[in-house]
>>> print(open('query08.txt').read())   # compact mmCIF, C-alpha atoms
# COMPACT_ATOMS: atom_id res chain seq x y z
CA MET A 8 -41.86 17.82 -85.08
CA VAL A 9 -44.79 15.57 -84.19
CA ARG A 10 -45.99 13.27 -86.94
CA LEU A 11 -49.62 12.29 -86.93
CA GLY A 12 -50.08 8.58 -87.11
CA THR A 13 -51.56 5.59 -85.38
CA ASN A 14 -48.61 5.30 -82.98
CA CYS A 15 -47.90 8.93 -82.22
CA GLY A 16 -49.21 8.59 -78.68
CA GLU A 17 -50.62 11.15 -76.32
CA ARG A 18 -49.08 14.18 -78.04
CA CYS A 19 -50.78 13.23 -81.28
CA PHE A 20 -54.10 12.78 -79.50
CA MET A 21 -53.87 16.21 -77.87
CA TRP A 22 -52.93 17.88 -81.14
CA GLN A 23 -55.86 16.22 -82.89
CA ALA A 24 -58.20 17.26 -80.06
CA ILE A 25 -57.05 20.89 -80.32
CA LYS A 26 -57.41 20.85 -84.09
CA THR A 27 -60.90 19.36 -83.87
CA HIS A 28 -61.91 21.86 -81.21
CA ALA A 29 -60.64 24.81 -83.26
CA GLN A 30 -62.60 23.53 -86.22
CA GLY A 31 -65.71 23.42 -84.04
CA ILE A 32 -65.23 27.04 -82.92
CA TYR A 33 -64.81 28.05 -86.56
CA GLU A 34 -68.06 26.31 -87.40
CA GLU A 35 -69.81 28.26 -84.64
CA LEU A 36 -68.50 31.52 -86.11
CA ARG A 37 -70.14 30.62 -89.41
CA GLN A 38 -73.55 29.84 -87.94
CA PRO A 39 -76.14 32.31 -89.35
CA VAL A 40 -77.74 32.75 -85.93
CA PHE A 41 -74.41 33.60 -84.33
CA VAL A 42 -73.49 36.03 -87.11
CA LYS A 43 -76.83 37.82 -86.95
CA ARG A 44 -76.60 38.18 -83.16
CA MET A 45 -73.14 39.65 -83.41
CA LEU A 46 -74.29 42.12 -86.07
CA TRP A 47 -77.13 43.21 -83.80
CA ASN A 48 -74.65 43.70 -80.98
CA ILE A 49 -72.42 45.82 -83.20
CA GLY A 50 -75.40 48.04 -84.00
CA PHE A 51 -76.34 48.37 -80.32
CA ALA A 52 -72.70 49.06 -79.43
CA ILE A 53 -72.55 51.97 -81.89
CA ILE A 54 -75.72 53.43 -80.37
CA MET A 55 -74.25 52.93 -76.89
CA VAL A 56 -70.97 54.71 -77.66
CA VAL A 57 -72.71 57.66 -79.34
CA SER A 58 -75.26 58.06 -76.53
CA ILE A 59 -72.61 57.89 -73.78
CA TYR A 60 -70.41 60.42 -75.58
CA LEU A 61 -73.30 62.86 -76.08
CA ASN A 62 -74.42 62.50 -72.46
CA ILE A 63 -70.90 63.15 -71.20
CA GLN A 64 -70.68 66.29 -73.34
CA PHE A 65 -74.02 67.36 -71.85
CA LEU A 66 -72.59 66.91 -68.36
CA ARG A 67 -69.45 68.88 -69.17
CA THR A 68 -71.49 71.75 -70.62
CA ASN A 69 -74.33 71.99 -68.10
CA TYR A 70 -72.60 70.78 -64.90
CA PRO A 71 -69.01 72.01 -65.07
CA ALA A 72 -68.62 71.87 -61.27
CA PRO A 73 -71.03 69.27 -59.84
CA PRO A 74 -71.12 68.67 -56.06
CA GLN A 75 -68.87 66.11 -54.38
CA PRO A 76 -70.80 64.37 -51.59
CA PRO A 77 -68.94 63.08 -48.52
CA ASP A 78 -68.13 59.40 -48.27
CA LEU A 79 -67.63 57.88 -44.83
CA LEU A 80 -65.76 54.82 -46.10
CA LEU A 81 -63.37 56.75 -48.33
CA ASP A 82 -62.57 59.06 -45.44
CA LEU A 83 -61.13 56.02 -43.65
CA ILE A 84 -59.11 54.72 -46.63
CA PRO A 85 -55.87 56.52 -47.57
CA ARG A 86 -55.67 57.14 -51.31
CA ASN A 87 -53.12 55.07 -53.20
CA ASP A 88 -52.66 55.83 -56.91
CA LEU A 89 -50.86 52.51 -57.46
CA PHE A 90 -54.25 50.80 -57.38
CA ILE A 91 -55.29 52.65 -60.54
CA LEU A 92 -52.75 50.54 -62.42
CA ILE A 93 -53.65 47.40 -60.44
CA GLY A 94 -57.31 47.83 -61.29
CA GLU A 95 -56.56 48.29 -64.99
CA LEU A 96 -54.27 45.24 -65.05
CA PHE A 97 -56.83 42.97 -63.39
CA SER A 98 -59.54 44.31 -65.68
CA SER A 99 -57.47 43.30 -68.71
CA LEU A 100 -56.66 39.95 -67.09
CA GLN A 101 -60.35 39.25 -66.52
CA VAL A 102 -61.13 39.99 -70.17
CA GLY A 103 -58.45 37.51 -71.19
CA VAL A 104 -59.77 34.81 -68.85
CA VAL A 105 -63.33 35.33 -70.10
CA LEU A 106 -62.27 35.01 -73.73
CA LEU A 107 -60.32 31.84 -72.89
CA LEU A 108 -63.39 30.35 -71.19
CA PHE A 109 -65.49 31.13 -74.25
CA VAL A 110 -63.17 29.57 -76.81
CA SER A 111 -62.51 26.47 -74.68
CA ALA A 112 -65.99 25.02 -75.28
CA ARG A 113 -68.49 25.38 -78.10
CA HIS A 114 -71.60 25.61 -75.95
CA ARG A 115 -70.03 28.50 -74.03
CA PHE A 116 -68.86 30.19 -77.24
CA ARG A 117 -72.47 30.26 -78.45
CA GLN A 118 -73.32 32.44 -75.47
CA LEU A 119 -70.76 35.15 -76.37
CA PRO A 120 -73.35 37.37 -78.11
CA ARG A 121 -75.56 37.12 -75.03
CA LEU A 122 -72.85 38.40 -72.68
CA MET A 123 -71.98 41.18 -75.10
CA PHE A 124 -75.63 42.24 -75.17
CA LEU A 125 -75.81 42.36 -71.38
CA LEU A 126 -72.67 44.50 -71.16
CA ILE A 127 -73.87 46.88 -73.88
CA LEU A 128 -77.25 47.20 -72.15
CA MET A 129 -75.56 48.00 -68.84
CA TYR A 130 -73.45 50.76 -70.38
CA MET A 131 -76.52 52.17 -72.11
CA ILE A 132 -78.24 52.39 -68.73
CA ARG A 133 -75.18 54.01 -67.18
CA GLY A 134 -74.99 56.60 -69.94
CA PHE A 135 -78.37 57.98 -68.92
CA VAL A 136 -78.07 57.46 -65.16
CA ILE A 137 -74.94 59.63 -64.93
CA VAL A 138 -76.97 62.47 -66.42
CA LEU A 139 -79.73 61.99 -63.84
CA THR A 140 -77.21 62.08 -60.97
CA PRO A 141 -74.39 64.50 -61.98
CA LEU A 142 -72.00 63.97 -59.08
CA GLY A 143 -68.54 65.53 -59.01
CA GLN A 144 -65.69 63.14 -59.72
CA ILE A 145 -63.25 62.52 -56.89
CA ARG A 146 -60.40 62.02 -59.35
CA PRO A 147 -61.07 63.52 -62.81
CA PRO A 148 -59.50 61.51 -65.66
CA VAL A 149 -57.13 64.38 -66.41
CA GLU A 150 -55.56 63.82 -62.97
CA ALA A 151 -55.64 60.04 -62.80
CA TYR A 152 -54.71 59.05 -66.36
CA ALA A 153 -52.28 60.12 -69.05
CA ALA A 154 -53.44 62.77 -71.48
CA ASP A 155 -53.17 60.31 -74.40
CA HIS A 156 -55.42 57.73 -72.71
CA PHE A 157 -58.27 58.21 -75.20
CA ILE A 158 -60.87 56.00 -73.47
CA ALA A 159 -60.24 57.45 -70.02
CA GLN A 160 -60.23 61.08 -71.14
CA ASN A 161 -63.41 60.75 -73.20
CA PHE A 162 -65.49 58.09 -71.45
CA TYR A 163 -64.37 57.86 -67.79
CA HIS A 164 -66.86 60.51 -66.68
CA GLY A 165 -69.84 60.42 -64.37
CA MET A 166 -69.95 58.61 -61.07
CA PHE A 167 -73.13 56.72 -60.30
CA PHE A 168 -73.01 53.89 -60.96
CA SER A 169 -69.60 52.28 -61.40
CA GLY A 170 -69.36 50.79 -64.89
CA HIS A 171 -66.16 48.92 -63.97
CA THR A 172 -67.94 47.24 -61.05
CA ALA A 173 -71.05 46.38 -63.03
CA SER A 174 -69.06 45.02 -65.98
CA ALA A 175 -66.84 42.81 -63.81
CA LEU A 176 -69.78 41.40 -61.82
CA ILE A 177 -71.94 40.81 -64.90
CA GLN A 178 -69.22 38.53 -66.20
CA VAL A 179 -69.04 36.74 -62.86
CA MET A 180 -72.82 36.21 -62.65
CA PHE A 181 -73.02 35.20 -66.30
CA PHE A 182 -70.46 32.42 -65.96
CA HIS A 183 -72.12 31.01 -62.85
CA GLN A 184 -74.31 28.96 -65.19
CA PHE A 185 -71.32 26.94 -66.39
CA THR A 186 -69.50 24.26 -64.43
CA VAL A 187 -66.42 22.12 -65.04
CA ARG A 188 -65.28 18.96 -63.35
CA TRP A 189 -62.67 19.58 -60.62
CA PHE A 190 -61.49 16.23 -59.23
CA ARG A 191 -64.82 14.70 -58.10
CA ARG A 192 -66.76 17.93 -57.77
CA ARG A 193 -68.33 20.49 -60.07
CA LEU A 194 -66.79 23.95 -60.01
CA HIS A 195 -68.72 27.00 -61.18
CA LEU A 196 -66.62 29.00 -63.62
CA SER A 197 -67.71 32.16 -61.84
CA TYR A 198 -65.35 31.20 -59.00
CA LEU A 199 -62.42 31.68 -61.38
CA ILE A 200 -63.49 35.22 -62.28
CA LEU A 201 -64.76 36.45 -58.91
CA PRO A 202 -61.29 37.10 -57.35
CA LEU A 203 -60.32 39.23 -60.36
CA ALA A 204 -63.54 41.24 -60.04
CA LEU A 205 -63.05 41.78 -56.30
CA VAL A 206 -59.54 43.13 -56.84
CA GLN A 207 -60.92 45.65 -59.32
CA ILE A 208 -63.64 46.77 -56.91
CA VAL A 209 -61.20 47.16 -54.03
CA SER A 210 -58.85 49.07 -56.33
CA LEU A 211 -61.61 51.55 -57.22
CA LEU A 212 -62.09 52.34 -53.54
CA ILE A 213 -58.42 52.52 -52.54
CA SER A 214 -57.60 54.76 -55.51
CA HIS A 215 -60.65 56.94 -54.72
CA GLN A 216 -61.99 56.66 -58.25
CA HIS A 217 -65.55 55.97 -57.13
CA TYR A 218 -67.81 56.67 -54.19
CA THR A 219 -68.95 53.71 -52.13
CA ILE A 220 -72.52 54.16 -53.36
CA ASP A 221 -71.23 53.81 -56.95
CA ILE A 222 -69.88 50.36 -56.11
CA VAL A 223 -73.16 49.32 -54.47
CA GLY A 224 -75.10 50.65 -57.46
CA GLY A 225 -72.84 48.73 -59.84
CA PHE A 226 -73.57 45.48 -58.00
CA LEU A 227 -77.34 46.09 -58.09
CA ILE A 228 -77.33 46.93 -61.80
CA ALA A 229 -75.23 43.84 -62.56
CA TYR A 230 -77.70 41.65 -60.67
CA PHE A 231 -80.65 43.24 -62.46
CA VAL A 232 -79.13 42.90 -65.94
CA THR A 233 -78.20 39.23 -65.49
CA GLN A 234 -81.31 38.07 -63.63
CA PHE A 235 -84.13 39.99 -65.31
CA ASP A 236 -86.12 38.03 -67.89
CA PHE A 237 -86.10 40.47 -70.80
CA MET A 238 -88.38 38.17 -72.80
CA LYS A 239 -91.24 39.40 -70.61
CA ILE A 240 -91.02 42.92 -72.08
CA VAL A 241 -90.26 41.87 -75.65
CA PRO A 242 -93.29 42.08 -77.99
CA PRO A 243 -94.78 38.59 -78.48
CA GLY A 244 -93.93 38.59 -82.16
CA LEU A 245 -90.23 38.99 -81.39
CA ARG A 246 -89.94 36.44 -78.59
CA THR A 247 -89.30 33.55 -80.97
CA VAL A 248 -86.85 35.37 -83.25
CA LYS A 249 -83.79 33.26 -82.57
CA TRP A 250 -81.17 35.67 -83.92
CA LEU A 251 -82.07 38.64 -81.72
CA PRO A 252 -79.49 39.14 -78.93
CA TRP A 253 -81.97 38.95 -76.05
CA TYR A 254 -83.22 35.52 -77.11
CA THR A 255 -82.44 33.00 -74.35
CA GLY A 256 -83.31 29.68 -76.00
CA ASP A 257 -79.82 28.76 -77.14
CA GLN A 258 -80.21 25.16 -76.08
CA ALA A 259 -83.49 25.03 -77.97
CA LEU A 260 -81.55 26.17 -81.03
CA TYR A 261 -79.24 23.20 -80.70
CA ALA A 262 -82.13 20.80 -80.11
CA GLU A 263 -83.94 22.08 -83.21
CA GLY A 264 -80.87 21.63 -85.36
CA VAL A 265 -80.33 25.33 -86.05
CA TYR A 266 -76.76 24.87 -84.88
CA ALA A 267 -74.58 22.21 -86.42
CA ALA A 268 -74.48 18.95 -84.50
CA ASP A 269 -71.65 18.71 -82.00
CA ALA A 270 -70.93 15.09 -82.78
CA ASN A 271 -68.43 15.95 -85.50
CA TYR A 272 -66.66 18.65 -83.50
CA ALA A 273 -66.93 17.49 -79.89
CA SER A 274 -64.00 18.47 -77.69
CA VAL A 275 -62.61 16.99 -74.52
CA TYR A 276 -63.81 20.13 -72.71
CA GLU A 277 -67.45 19.75 -73.72
CA ARG A 278 -67.74 16.09 -72.80
CA ASP A 279 -66.88 16.90 -69.18
CA ASP A 280 -69.22 19.84 -68.74
CA GLU A 281 -72.49 19.63 -66.86
CA TYR A 282 -74.13 22.19 -69.13
CA THR A 283 -74.62 19.58 -71.86
CA SER A 284 -75.57 16.81 -69.45
CA PRO A 285 -78.95 15.18 -70.19
CA GLU A 286 -79.47 14.79 -66.45
CA ALA A 287 -79.97 18.55 -66.06
CA PRO A 288 -82.62 19.63 -68.61
CA GLU A 289 -83.76 22.53 -66.40
CA ARG A 290 -80.29 24.12 -66.49
CA GLN A 291 -80.14 23.82 -70.26
CA HIS A 292 -83.11 26.17 -70.65
CA ASN A 293 -82.27 28.55 -67.83
CA PRO A 294 -79.32 30.73 -68.83
CA ILE A 295 -78.76 32.34 -65.41
CA PRO A 296 -79.81 30.03 -62.52
>>> encode(input="query08.txt", output="structure tokens")
Amino acid sequence: MVRLGTNCGERCFMWQAIKTHAQGIYEELRQPVFVKRMLWNIGFAIIMVVSIYLNIQFLRTNYPAPPQPPDLLLDLIPRNDLFILIGELFSSLQVGVVLLLFVSARHRFRQLPRLMFLLILMYMIRGFVIVLTPLGQIRPPVEAYAADHFIAQNFYHGMFFSGHTASALIQVMFFHQFTVRWFRRRLHLSYLILPLALVQIVSLLISHQHYTIDIVGGFLIAYFVTQFDFMKIVPPGLRTVKWLPWYTGDQALYAEGVYAADANYASVYERDDEYTSPEAPERQHNPIP
């Protein structure tokens, strides 16, 4: 058992740093702006799930046997069902890594509602696009997944575009704004997530779960969702509402004192991160460079 004291050494320092950091994350969870953004996201997520479910039921009823277009690339790749499991495992692993990156620094944790909003928006778009382009599935969920796989059997329908691809790449592009010190260089956190995303994309092709055009469409949608300035289409009266999920002035929130000051809860992770560096004011106001 480690006793906290003036002479407890490095182990005591690390324990105190972890405790202080956890306290800082807890303070972020209590911030009114953070709470309101998360509540908005929950509301949007409910709308997303309902709309996707209704659109899938529309597809099943009105297009029971949609056409299956040829795919030149898939014709060259032998199907391997093992990559269904590999894709699912790396998808879960990426979610774990993303959550770890969020909780390891307060300024990143503040951006969690923003990433959630982007993912929800992407799935909302997909829910309507699959109705506009009702392509036949290469591997229906009933063939590729167990009958008790609730999400797969009820939501893995429609082809264009690939939601798995778009989701994985949105996370990659989102974390490109953050850097950490790696020896004497700065490393974009997106480089940690990109290999996991690529494995998922390759797995979709090898397992023949998506057409090649679905993968390309997923990349384009991910780029659009992360790079488009949604503030341009928001009514002027809502552009300064700080607790709406599309608001991008998180650093302005900190500067204005809406968030609690970091001085009392600073962690060893935050002090080394370029995102809070005063030498880069442009990056602080630009969420996706």
>>> closest_residue(input="query08.txt", among="A:Ile222, A:Pro77, A:Gln216, A:Met123", to="Ala159 of chain A", atoms="only C-alpha atoms")
A:Gln216
>>> atom_distance(input="query08.txt", atom1="atom CA of Ala173 of chain A", atom2="atom CA of Met55 of chain A")
15.7 Å
>>> closest_residue(input="query08.txt", among="A:Val138, A:Ile84, A:Ile208, A:Leu245", to="Phe167 of chain A", atoms="all atoms listed in the file")
A:Val138
>>> closest_residue(input="query08.txt", among="A:His156, A:His164, A:His183, A:Arg115", to="Asn62 of chain A", atoms="only C-alpha atoms")
A:His164
>>> atom_distance(input="query08.txt", atom1="atom CA of Gly134 of chain A", atom2="atom CA of Ala153 of chain A")
23.0 Å
>>> atom_distance(input="query08.txt", atom1="atom CA of Ile132 of chain A", atom2="atom CA of Leu100 of chain A")
25.0 Å
>>> closest_residue(input="query08.txt", among="A:Pro120, A:Gly94, A:Gly170, A:Pro74", to="Val42 of chain A", atoms="all atoms listed in the file")
A:Pro120
>>> residues_around(input="query08.txt", residues="Ile93 of chain A", least_positions_apart="2", cutoff="12 Å", atoms="only C-alpha atoms", output="PDB file with C-alpha atoms, in the coordinates of the input")
ATOM      1  CA  ASN A  87     -53.120  55.070 -53.200  1.00  0.00           C
ATOM      2  CA  ASP A  88     -52.660  55.830 -56.910  1.00  0.00           C
ATOM      3  CA  LEU A  89     -50.860  52.510 -57.460  1.00  0.00           C
ATOM      4  CA  PHE A  90     -54.250  50.800 -57.380  1.00  0.00           C
ATOM      5  CA  ILE A  91     -55.290  52.650 -60.540  1.00  0.00           C
ATOM      6  CA  GLU A  95     -56.560  48.290 -64.990  1.00  0.00           C
ATOM      7  CA  LEU A  96     -54.270  45.240 -65.050  1.00  0.00           C
ATOM      8  CA  PHE A  97     -56.830  42.970 -63.390  1.00  0.00           C
ATOM      9  CA  SER A  98     -59.540  44.310 -65.680  1.00  0.00           C
ATOM     10  CA  SER A  99     -57.470  43.300 -68.710  1.00  0.00           C
ATOM     11  CA  LEU A 100     -56.660  39.950 -67.090  1.00  0.00           C
ATOM     12  CA  LEU A 203     -60.320  39.230 -60.360  1.00  0.00           C
ATOM     13  CA  ALA A 204     -63.540  41.240 -60.040  1.00  0.00           C
ATOM     14  CA  LEU A 205     -63.050  41.780 -56.300  1.00  0.00           C
ATOM     15  CA  VAL A 206     -59.540  43.130 -56.840  1.00  0.00           C
ATOM     16  CA  GLN A 207     -60.920  45.650 -59.320  1.00  0.00           C
ATOM     17  CA  ILE A 208     -63.640  46.770 -56.910  1.00  0.00           C
ATOM     18  CA  VAL A 209     -61.200  47.160 -54.030  1.00  0.00           C
ATOM     19  CA  SER A 210     -58.850  49.070 -56.330  1.00  0.00           C
ATOM     20  CA  LEU A 211     -61.610  51.550 -57.220  1.00  0.00           C
ATOM     21  CA  LEU A 212     -62.090  52.340 -53.540  1.00  0.00           C
ATOM     22  CA  ILE A 213     -58.420  52.520 -52.540  1.00  0.00           C
ATOM     23  CA  SER A 214     -57.600  54.760 -55.510  1.00  0.00           C
TER      24      SER A 214
END
>>> closest_residue(input="query08.txt", among="A:Met180, A:Ile200, A:Ile220, A:Met129", to="Met166 of chain A", atoms="only C-alpha atoms")
A:Ile220
>>> closest_residue(input="query08.txt", among="A:Lys26, A:Arg133, A:Arg121, A:Arg86", to="Ile63 of chain A", atoms="all atoms listed in the file")
A:Arg133
>>> residues_around(input="query08.txt", residues="segment 161-163 of chain A", least_positions_apart="4", cutoff="9 Å", atoms="only C-alpha atoms", output="VMD selection string")
chain A and resid 56 59 to 60 63 147 to 148 156 to 157
>>> write_last_selection(input="query08.txt", atoms="C-alpha atoms", output="short mmCIF file (atom, residue, chain, number, x, y, z; two decimals), in the coordinates of the input")
data_model
loop_
_atom_site.label_atom_id
_atom_site.label_comp_id
_atom_site.auth_asym_id
_atom_site.auth_seq_id
_atom_site.Cartn_x
_atom_site.Cartn_y
_atom_site.Cartn_z
CA VAL A 56 -70.97 54.71 -77.66
CA ILE A 59 -72.61 57.89 -73.78
CA TYR A 60 -70.41 60.42 -75.58
CA ILE A 63 -70.90 63.15 -71.20
CA PRO A 147 -61.07 63.52 -62.81
CA PRO A 148 -59.50 61.51 -65.66
CA HIS A 156 -55.42 57.73 -72.71
CA PHE A 157 -58.27 58.21 -75.20
#
